[in-house]
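See structure below.
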Amino acid sequence: MLARQRLWLRRRYTVLVAAILIPAIASAAQWPPEQQLEPRQASATLHTEPATFNPDEFAPAVHSDTDSSFFATDGLTGPAARPLFAAGSALDQARAEQCLTMAVYYEAATEPDDGQRAVAQVVLNRVAHPSYPNTVCGVVFQGSERSTGCQFSFTCDGSLARRPAAFWWDRARRVAHAALTGAVYGPVGLATHYHTLQVHPSWSDSLVAVMTIGAHRFFRWPGAAGQRAAFSVAYQGGEPAAMPHPRALTPAFDSDPDPIALARAYEATVAHIVPLRAQDRPAAPAYSAAVEARGGDALFRADSLPAGGGLSPELERSGQWLQRP
């Protein structure tokens, strides 16, 4: 009887030790040293080595200005965005990749590949639009000084307190690296907004629904703000730190921009830019009958203006002694 009790206690002890050690070993194996940092420390860790990815995965979504199918739409998506290439110093490029990786990870870590590419494309679409900051980190952390209402919820709702899982982080980083080296996810078009299917923001009925991927529905602006010509900002780098802004008692007035108000503000700035119609072009000047007989307006073209004469004697002697000593 005593031997049986000892055997039972030994088995219980073995199970208890295994329950403690196995998760600890698995956790240590899952987390490489650079991923065991707190979020603010991780944001300062610069991944300068190139991430490996397969360019062929993204090739079908890349369009060029000369592509005849570029402007082919399904009635919702519209044209694809222009490619964005990382610019600035090595620090700028590392910060841009870090911020875009954070957005892809915390917004769509478990989404399908297309869902992650779409999230990255929305961030870059905003970078290219004058209504938003012109840096990747500026777009991602816009409004993060607020306790609520930031542009990307993970920057102000405490999500950054969670350590990223190494496997999913590396997956998100490959998507971010591809997007910052010219890959364009064409199906999402010029979308600048999205939300999860669990919510219905007030602005969603005023924007054009592009598509739904996984748990997110993507939208683009109607009117001039959503046209390809509006996405005219050339990315130059100059990335701020890859971390949330300090909390402020009085957030910046533009930290929580309403999508509809932004669209109206943009259209107000371009309302005076009207294409020059043929009937609005200035008429050719009228000439006297004598000038018309000699050729009219053709006399005053650049290739028929009178040639200049020779230099004056004073200029011809420029640099010469007037009188030698």
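So you can find residues: chains in the structure tokens are A, B, ... in the order shown, residues in each start at 1, and ligands are numbered from 1 in order.
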At most 8 Å is the cut-off: for each residue in region 110-160 of chain A with any atom that close to an atom of region 185-201 of chain A, write down the nearest atom pair and the distance in Å rounded to one decimal, counting only C-alpha atoms, chain first then increasing number, as CSV.
```
residue,atom,partner,partner_atom,distance
A:Arg117,CA,A:Tyr185,CA,6.2
A:Ala118,CA,A:Val188,CA,6.1
A:Gln121,CA,A:Tyr185,CA,6.3
A:Val122,CA,A:Thr192,CA,5.0
A:Val123,CA,A:Thr192,CA,7.3
A:Asn125,CA,A:Thr192,CA,6.1
A:Arg126,CA,A:Thr192,CA,6.0
```
N, CA and C atoms of the current selection, written as a short mmCIF file (atom, residue, chain, number, x, y, z; two decimals), in the first residue's frame:
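result38.cif, freshly written:
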```cif
data_model
loop_
_atom_site.label_atom_id
_atom_site.label_comp_id
_atom_site.auth_asym_id
_atom_site.auth_seq_id
_atom_site.Cartn_x
_atom_site.Cartn_y
_atom_site.Cartn_z
N ARG A 117 -2.25 43.32 -46.18
CA ARG A 117 -1.78 44.22 -47.24
C ARG A 117 -2.71 45.41 -47.39
N ALA A 118 -4.00 45.19 -47.22
CA ALA A 118 -4.96 46.28 -47.34
C ALA A 118 -4.77 47.30 -46.23
N GLN A 121 -1.80 49.34 -47.04
CA GLN A 121 -2.08 50.26 -48.15
C GLN A 121 -2.87 51.46 -47.68
N VAL A 122 -3.79 51.28 -46.74
CA VAL A 122 -4.54 52.42 -46.20
C VAL A 122 -3.60 53.41 -45.54
N VAL A 123 -2.63 52.91 -44.77
CA VAL A 123 -1.66 53.80 -44.13
C VAL A 123 -0.88 54.59 -45.17
N ASN A 125 -1.74 55.19 -48.27
CA ASN A 125 -2.65 56.11 -48.97
C ASN A 125 -2.80 57.41 -48.20
N ARG A 126 -2.86 57.31 -46.89
CA ARG A 126 -2.96 58.53 -46.08
C ARG A 126 -1.68 59.35 -46.15
#
```
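Selecting strand (DSSP E or B) from the backbone DSSP output for region 92-273 of chain A yields A:Thr181, A:His193, A:Tyr194, A:His195, A:Thr196, A:Val208, A:Ala209, A:Val210, A:Met211, A:Thr212, A:Ile213, A:His216, A:Arg217, A:Phe218, A:Phe219, A:Arg220.
Here CA of Ala166 (chain A) and CA of Asp113 (chain A) stand 16.8 Å from one another.
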Task: Selection: 10 Å around His177 (chain A), only C-alpha atoms, excl. self and same-chain fewer than 2 positions, as an MDAnalysis selection string - done: chainID A and resid 50:53 85:86 93:94 96:98 100:101 120 172:175 179:183
Please identify all polymer residues within 8 Å of Ala263 (chain A), counting only C-alpha atoms, omitting same-chain residues fewer than 2 positions from it, and present them as an mmCIF file with C-alpha atoms, in the first residue's frame.
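The resulting file, around.cif, is reproduced below:
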```
data_model
loop_
_atom_site.group_PDB
_atom_site.id
_atom_site.type_symbol
_atom_site.label_atom_id
_atom_site.label_comp_id
_atom_site.auth_asym_id
_atom_site.auth_seq_id
_atom_site.Cartn_x
_atom_site.Cartn_y
_atom_site.Cartn_z
ATOM 1 C CA TRP A 221 -13.659 59.176 -50.180
ATOM 2 C CA ALA A 224 -12.357 65.161 -55.424
ATOM 3 C CA ALA A 225 -10.764 64.004 -52.157
ATOM 4 C CA PRO A 259 -13.532 62.010 -42.492
ATOM 5 C CA ILE A 260 -16.384 64.031 -43.962
ATOM 6 C CA ALA A 261 -14.966 67.316 -42.680
ATOM 7 C CA ALA A 265 -11.909 70.923 -46.500
ATOM 8 C CA TYR A 266 -9.902 69.374 -49.309
ATOM 9 C CA GLU A 267 -12.568 70.096 -51.901
#
```
Open item on the list: Let me make sure I understand: among A:Ala230, A:Tyr287, A:Gln236, A:Glu145, which one has the smallest atom-to-atom distance to Val270 (chain A) if we use only C-alpha atoms?
Closed with: A:Ala230
Task: DSSP helix (DSSP H, G or I) residues within region 127-228 of chain A, listed as a PyMOL selection string - done: chain A and resi 127+136-140+153-155+159-161+166-179+186-188+202-205+224-226+228
Open item on the list: If we count only C-alpha atoms and set the cut-off at 8 Å, which residues sit around Val208 (chain A), ignoring sequence neighbours fewer than 3 positions away in its own chain? Please answer as number ranges by chain.
Closed with: A: 76, 204-205, 219-222
Write the residues you've just listed into a file as a tab-separated table (two decimals), in the first residue's frame, and include N, CA and C atoms for each of them.
```
chain	number	residue	atom	x	y	z
A	76	LEU	N	-16.36	50.20	-57.62
A	76	LEU	CA	-16.16	50.51	-56.22
A	76	LEU	C	-14.69	50.82	-55.92
A	204	SER	N	-19.37	56.01	-42.05
A	204	SER	CA	-19.30	54.93	-43.04
A	204	SER	C	-20.38	55.05	-44.12
A	205	ASP	N	-21.53	55.65	-43.79
A	205	ASP	CA	-22.59	55.78	-44.79
A	205	ASP	C	-22.29	56.88	-45.81
A	219	PHE	N	-13.04	51.67	-47.09
A	219	PHE	CA	-13.79	52.76	-47.71
A	219	PHE	C	-12.83	53.75	-48.35
A	220	ARG	N	-13.34	54.43	-49.38
A	220	ARG	CA	-12.61	55.56	-49.97
A	220	ARG	C	-13.52	56.77	-49.98
A	221	TRP	N	-12.90	57.94	-50.12
A	221	TRP	CA	-13.66	59.18	-50.18
A	221	TRP	C	-14.38	59.31	-51.51
A	222	PRO	N	-15.59	59.84	-51.52
A	222	PRO	CA	-16.21	60.22	-52.79
A	222	PRO	C	-15.70	61.60	-53.21
```
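Distance-wise, CA of Thr212 (chain A) and CA of Gly115 (chain A) end up 8.7 Å apart.
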